[in-house]
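Asker: Enclosed is the structure file input.txt (compact mmCIF, C-alpha atoms).
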```txt
# COMPACT_ATOMS: atom_id res chain seq x y z
CA MET A 1 -12.64 -5.34 6.58
CA ALA A 2 -16.31 -6.13 5.93
CA ARG A 3 -17.23 -7.64 2.58
CA LEU A 4 -20.63 -8.32 1.08
CA SER A 5 -21.62 -11.84 0.11
CA GLY A 6 -23.46 -12.99 -2.97
CA SER A 7 -26.68 -13.18 -0.98
CA ASP A 8 -26.16 -9.59 0.19
CA TYR A 9 -25.89 -8.41 -3.42
CA ARG A 10 -28.97 -10.42 -4.40
CA GLY A 11 -30.89 -8.82 -1.55
CA ILE A 12 -29.77 -5.36 -2.67
CA LEU A 13 -30.82 -6.02 -6.27
CA GLU A 14 -34.20 -7.41 -5.19
CA PHE A 15 -34.81 -4.34 -3.04
CA VAL A 16 -33.88 -1.91 -5.83
CA HIS A 17 -36.17 -3.73 -8.24
CA ALA A 18 -39.12 -3.79 -5.82
CA ALA A 19 -38.65 -0.16 -4.76
CA GLY A 20 -38.41 0.93 -8.40
CA GLU A 21 -41.83 -0.57 -9.10
CA VAL A 22 -43.50 1.72 -6.55
CA ASP A 23 -45.26 4.65 -8.19
CA GLY A 24 -46.36 7.88 -6.55
CA THR A 25 -44.84 11.00 -5.08
CA ASP A 26 -43.57 9.40 -1.86
CA PRO A 27 -40.15 7.84 -2.55
CA PHE A 28 -40.18 5.60 0.52
CA PRO A 29 -43.68 4.55 1.54
CA GLU A 30 -44.15 2.00 4.26
CA GLN A 31 -43.93 -1.02 1.97
CA VAL A 32 -40.51 0.12 0.73
CA LEU A 33 -39.28 0.55 4.29
CA ALA A 34 -40.50 -2.95 5.07
CA ARG A 35 -38.38 -4.30 2.21
CA LEU A 36 -35.41 -2.24 3.38
CA ARG A 37 -35.80 -3.79 6.83
CA GLU A 38 -35.27 -7.19 5.20
CA VAL A 39 -31.96 -6.04 3.71
CA VAL A 40 -30.73 -4.46 6.94
CA PRO A 41 -32.35 -6.45 9.77
CA CYS A 42 -33.55 -4.17 12.54
CA ASP A 43 -36.41 -3.65 14.94
CA THR A 44 -37.61 -0.41 13.35
CA VAL A 45 -36.70 1.72 10.36
CA SER A 46 -38.03 5.12 9.48
CA TYR A 47 -37.53 7.75 6.80
CA GLY A 48 -37.91 11.48 7.19
CA ASP A 49 -37.51 14.58 5.06
CA PHE A 50 -34.81 16.92 6.29
CA ASP A 51 -35.95 20.37 7.44
CA LEU A 52 -32.99 22.73 7.20
CA ASP A 53 -34.81 25.43 9.18
CA PHE A 54 -35.00 23.15 12.21
CA ASP A 55 -31.79 21.17 11.57
CA ARG A 56 -33.69 17.96 12.05
CA GLU A 57 -35.57 15.18 10.37
CA GLY A 58 -39.32 14.58 10.47
CA HIS A 59 -40.03 10.84 10.42
CA ARG A 60 -43.05 10.47 8.16
CA TRP A 61 -42.98 6.69 7.98
CA ARG A 62 -41.90 4.08 10.46
CA THR A 63 -42.18 0.33 10.23
CA GLY A 64 -41.22 -2.45 12.57
CA THR A 65 -42.01 -3.50 16.12
CA LEU A 66 -42.00 -0.72 18.69
CA ARG A 67 -41.79 -1.70 22.34
CA ALA A 68 -43.53 1.49 23.45
CA PRO A 69 -45.84 4.04 21.83
CA ILE A 70 -44.41 7.26 20.40
CA THR A 71 -46.09 9.83 22.61
CA PRO A 72 -46.36 13.59 21.92
CA ALA A 73 -43.80 14.13 24.70
CA ILE A 74 -41.29 11.90 22.90
CA VAL A 75 -41.89 13.71 19.60
CA GLU A 76 -41.37 17.07 21.30
CA ALA A 77 -38.21 15.87 23.05
CA HIS A 78 -36.82 14.46 19.78
CA ALA A 79 -37.24 17.86 18.13
CA GLY A 80 -36.00 19.90 21.08
CA LEU A 81 -32.92 17.79 21.76
CA ALA A 82 -31.72 17.47 18.16
CA TYR A 83 -28.65 19.51 19.13
CA GLN A 84 -27.43 16.49 21.12
CA TYR A 85 -27.03 14.39 18.00
CA PRO A 86 -23.37 13.38 17.75
CA TYR A 87 -22.99 14.87 14.24
CA ARG A 88 -24.80 16.95 11.61
CA PRO A 89 -26.14 15.56 8.30
CA TRP A 90 -23.74 17.68 6.24
CA SER A 91 -20.66 16.80 8.31
CA PRO A 92 -17.91 14.57 6.86
CA GLU A 93 -18.99 11.68 9.09
CA ALA A 94 -22.41 11.62 7.42
CA ARG A 95 -21.03 10.81 3.98
CA HIS A 96 -21.43 7.14 4.85
CA ALA A 97 -23.85 5.07 6.89
CA LEU A 98 -23.02 5.75 10.50
CA ARG A 99 -23.62 3.97 13.79
CA TRP A 100 -23.99 6.19 16.81
CA SER A 101 -21.62 3.82 18.57
CA ASP A 102 -18.96 4.94 16.07
CA LEU A 103 -19.04 8.35 17.76
CA LEU A 104 -20.39 7.77 21.26
CA SER A 105 -19.57 5.19 23.88
CA ARG A 106 -22.59 3.63 25.59
CA ARG A 107 -21.72 5.62 28.69
CA GLU A 108 -21.72 8.88 26.72
CA TRP A 109 -24.99 7.92 25.01
CA HIS A 110 -26.64 7.09 28.33
CA ALA A 111 -25.54 10.46 29.76
CA LEU A 112 -27.56 12.45 27.20
CA ASP A 113 -31.04 13.84 27.82
CA LEU A 114 -31.81 12.56 24.33
CA TYR A 115 -31.32 9.03 25.61
CA TRP A 116 -33.47 9.44 28.70
CA GLU A 117 -36.31 11.29 26.98
CA VAL A 118 -36.34 9.52 23.60
CA GLY A 119 -34.05 6.51 23.40
CA ARG A 120 -34.83 4.86 26.72
CA PRO A 121 -38.65 5.22 26.56
CA LEU A 122 -38.59 3.60 23.11
CA GLU A 123 -35.87 1.12 24.12
CA GLY A 124 -33.85 2.23 21.10
CA GLU A 125 -30.41 1.26 22.33
CA TYR A 126 -28.54 1.06 19.01
CA GLN A 127 -28.88 3.41 16.04
CA LEU A 128 -27.69 3.39 12.45
CA GLU A 129 -28.37 6.32 10.14
CA LEU A 130 -28.03 7.06 6.45
CA TRP A 131 -28.48 10.52 4.95
CA LEU A 132 -29.34 11.21 1.31
CA ALA A 133 -27.16 13.94 -0.15
CA THR A 134 -28.32 15.48 -3.45
CA PRO A 135 -26.84 18.37 -5.48
CA ASP A 136 -29.43 20.61 -3.80
CA GLY A 137 -28.51 19.49 -0.28
CA ILE A 138 -29.72 16.89 2.17
CA ALA A 139 -33.05 15.41 1.04
CA GLY A 140 -33.76 13.24 4.05
CA GLY A 141 -32.50 10.32 6.01
CA PHE A 142 -33.13 6.84 7.31
CA ALA A 143 -32.95 5.81 10.95
CA PHE A 144 -32.53 2.15 11.89
CA ASP A 145 -32.99 1.00 15.48
CA ARG A 146 -32.21 -2.19 17.36
CA PHE A 147 -33.03 -3.09 20.92
CA GLU A 148 -30.57 -5.87 21.73
CA ARG A 149 -27.42 -5.68 19.62
CA ASP A 150 -25.46 -3.13 17.64
CA PHE A 151 -25.32 -2.92 13.86
CA SER A 152 -22.39 -4.45 12.02
CA GLU A 153 -19.89 -3.22 9.47
CA ARG A 154 -21.80 -5.36 6.97
CA ASP A 155 -24.98 -3.37 7.64
CA LYS A 156 -23.11 -0.12 7.01
CA LEU A 157 -21.62 -1.45 3.77
CA VAL A 158 -25.05 -2.57 2.51
CA LEU A 159 -26.43 0.93 3.03
CA ASP A 160 -23.43 2.61 1.45
CA THR A 161 -23.94 0.37 -1.59
CA LEU A 162 -27.64 1.25 -1.66
CA ARG A 163 -27.20 5.00 -1.18
CA PRO A 164 -26.97 6.05 -4.89
CA HIS A 165 -30.04 3.93 -5.67
CA LEU A 166 -31.96 5.48 -2.78
CA VAL A 167 -31.02 8.95 -4.02
CA GLN A 168 -32.30 8.02 -7.49
CA LEU A 169 -35.57 6.76 -6.02
CA TRP A 170 -35.93 10.11 -4.25
CA ARG A 171 -35.23 11.98 -7.51
CA ASN A 172 -37.76 9.88 -9.42
CA ALA A 173 -40.47 10.61 -6.85
CA ALA A 174 -39.57 14.32 -6.84
CA ALA A 175 -39.95 14.39 -10.64
CA ARG A 176 -43.37 12.72 -10.37
CA GLN A 177 -44.37 15.28 -7.77
CA ARG A 178 -43.36 18.16 -10.05
CA GLU A 179 -45.25 16.57 -12.92
CA SER A 180 -48.33 16.13 -10.73
CA ARG A 181 -48.23 19.79 -9.70
CA SER A 182 -47.85 20.89 -13.32
CA LEU A 183 -50.84 18.81 -14.39
CA ALA A 184 -52.91 20.18 -11.51
CA ALA A 185 -52.26 23.70 -12.80
CA LEU A 186 -53.78 22.90 -16.21
CA THR A 187 -57.39 23.56 -17.08
CA PRO A 188 -59.65 20.56 -17.86
CA ARG A 189 -59.43 21.39 -21.57
CA GLU A 190 -55.63 21.59 -21.46
CA ARG A 191 -55.47 18.21 -19.73
CA GLU A 192 -57.78 16.74 -22.37
CA ILE A 193 -55.55 18.05 -25.17
CA LEU A 194 -52.44 16.72 -23.44
CA LEU A 195 -54.10 13.31 -23.20
CA TRP A 196 -54.77 13.25 -26.93
CA VAL A 197 -51.19 14.33 -27.68
CA ALA A 198 -49.92 11.48 -25.50
CA ARG A 199 -52.05 9.10 -27.57
CA GLY A 200 -50.36 10.29 -30.75
CA LYS A 201 -53.16 12.36 -32.23
CA SER A 202 -52.32 15.11 -34.72
CA ASN A 203 -53.31 18.75 -34.26
CA ARG A 204 -56.04 18.35 -36.86
CA GLU A 205 -57.46 15.26 -35.15
CA ILE A 206 -57.41 16.98 -31.75
CA ALA A 207 -59.15 20.05 -33.16
```
As C-alpha cells, what does this structure read like?
Answerer:
Amino acid sequence: MARLSGSDYRGILEFVHAAGEVDGTDPFPEQVLARLREVVPCDTVSYGDFDLDFDREGHRWRTGTLRAPITPAIVEAHAGLAYQYPYRPWSPEARHALRWSDLLSRREWHALDLYWEVGRPLEGEYQLELWLATPDGIAGGFAFDRFERDFSERDKLVLDTLRPHLVQLWRNAAARQRESRSLAALTPREREILLWVARGKSNREIA
C-alpha cells in the first residue's frame, strides 16, 4: 500500500500555502497549476470547469510541455467523444484520484476513437484525473498527462490528500467572485460609502 513520505507532506503544505496566497476569482490560474505540477510530476496538467449540460470539462488553463499543438479539430473531438470516457465525474470511481489505466487496459485505450483523435495526436499516453465534488455538485476537474510512464499510487494518494484543500480554494475564489459581482452592482456613491464603513467611519462622519 502506498504511503506518503515526509517530503511529500512538505510539498503538499508548500503548495497549499502558495495557492492560498493567490487572489482573484480564478481558483487555479496557471501559476497554481505550475506548482501543482511540482507536487505531482507530469508533462502537462490542466484544470477545467465542469459543464453539466455537456457532461464534459472545459480546460481553461493548461501548463507543461506539449509535444503537439492543440488544434481546433482536437478540441472538437475531445468534446464530441466525451462519451468514451471510462467513467463519469459523479460515479463512485471518481470519488478518488483515478488513473485511466485503473479502468482500461492499454489495448482498450488504443481501440477508442478518443485515443486516435485526441490522445495520440497529443501523445498523451497516460492520464490521471481528479474531480472536485462540492455540496452543489461537481465544480471542475484536473487532468494530468504523461508521455512515457504511468502515474503511481503515490501520485493518487497525494491528490486525494490535496482534494479537500483544492475544494476550499475553489470555494474561496467563488466567494470572491460573488463579492465582485455584488460590488459591481453598487452605484459609485454606494461603493464610496462602503469604503468609508470599511475604514471604520461612523454614520455621522460619512454623512
Asker: Show me, as a list in words, the residues that have an atom within 7 Å of region 130-139 of chain A when counting only C-alpha atoms, minus same-chain residues fewer than 4 positions from it.
Answerer: Asp49, Phe50, Pro89, Ala94, His96, Ala97, Leu98, Ala143 and Val167 of chain A
Asker: If I wrap all listed atoms of region 66-81 of chain A in a box with edges along x, y and z and add 3 Å on each side, what are its centre and edge lengths in Å to one decimal, as lines of an AutoDock Vina configuration file?
Answerer:
```
center_x = -39.6
center_y = 9.1
center_z = 21.4
size_x = 19.4
size_y = 27.6
size_z = 12.6
```
Asker: When you look at Asp43 (chain A) with a cut-off of 12 Å (counting all atoms listed in the file), what residues show up, excluding the ones that are within fewer than 3 positions of it in the same chain? I need them as a list of chain:residue names.
Answerer: A:Leu33, A:Ala34, A:Leu36, A:Arg37, A:Glu38, A:Val40, A:Ser46, A:Arg62, A:Thr63, A:Gly64, A:Thr65, A:Leu66, A:Arg67, A:Leu122, A:Glu123, A:Gly124, A:Glu125, A:Tyr126, A:Gln127, A:Leu128, A:Ala143, A:Phe144, A:Asp145, A:Arg146, A:Phe147, A:Glu148, A:Arg149, A:Asp150, A:Phe151
Asker: CA of Pro41 (chain A) and CA of Glu21 (chain A), how far apart in Å?
Answerer: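 Those two atoms sit 21.9 Å apart.
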Asker: Have a look at A:Ala175, A:Val45, A:Leu103, A:Leu162 and name the one nearest to Glu30 (chain A); count all atoms listed in the file.
Answerer: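 The shortest atom-to-atom distance to Glu30 (chain A) comes from A:Val45.
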Asker: Using all atoms listed in the file, can you tell me which of A:Gly140, A:Gly6, A:Gly24, A:Gly11 comes closest to Glu179 (chain A)?
Answerer: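 Nearest candidate to Glu179 (chain A) out of A:Gly140, A:Gly6, A:Gly24, A:Gly11: A:Gly24.
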Asker: Quick one, how far is CA of Arg99 (chain A) from CA of Tyr47 (chain A)?
Answerer: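 These atoms are spaced 16.0 Å apart.
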Asker: In Å, with one decimal, what is the gap from CA of Arg10 (chain A) to CA of Glu153 (chain A)?
Answerer: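 It comes out at 18.1 Å.
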Asker: Could you pull region 127-154 of chain A out of the block above and give me C-alpha atoms, as a compact mmCIF listing (two decimals), in the first residue's frame?
Answerer:
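Final file, selection34.txt:
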```txt
# COMPACT_ATOMS: atom_id res chain seq x y z
CA GLN A 127 -3.86 10.04 -17.72
CA LEU A 128 -4.67 10.80 -14.09
CA GLU A 129 -7.77 12.77 -13.14
CA LEU A 130 -9.15 14.37 -10.02
CA TRP A 131 -12.68 15.78 -9.77
CA LEU A 132 -13.79 18.38 -7.23
CA ALA A 133 -17.09 17.45 -5.61
CA THR A 134 -18.91 20.21 -3.71
CA PRO A 135 -22.32 20.18 -1.97
CA ASP A 136 -23.73 21.76 -5.14
CA GLY A 137 -22.23 19.13 -7.44
CA ILE A 138 -19.07 18.75 -9.49
CA ALA A 139 -17.21 22.07 -9.73
CA GLY A 140 -14.47 21.01 -12.10
CA GLY A 141 -11.56 18.71 -12.50
CA PHE A 142 -7.85 18.33 -13.08
CA ALA A 143 -6.28 16.28 -15.85
CA PHE A 144 -2.66 15.16 -15.58
CA ASP A 145 -0.86 13.68 -18.59
CA ARG A 146 2.39 11.82 -19.07
CA PHE A 147 4.01 10.68 -22.28
CA GLU A 148 6.38 7.94 -21.16
CA ARG A 149 5.25 6.27 -17.94
CA ASP A 150 2.09 5.76 -15.93
CA PHE A 151 1.23 7.54 -12.70
CA SER A 152 1.86 5.80 -9.40
CA GLU A 153 -0.22 5.00 -6.35
CA ARG A 154 1.79 7.72 -4.61
```
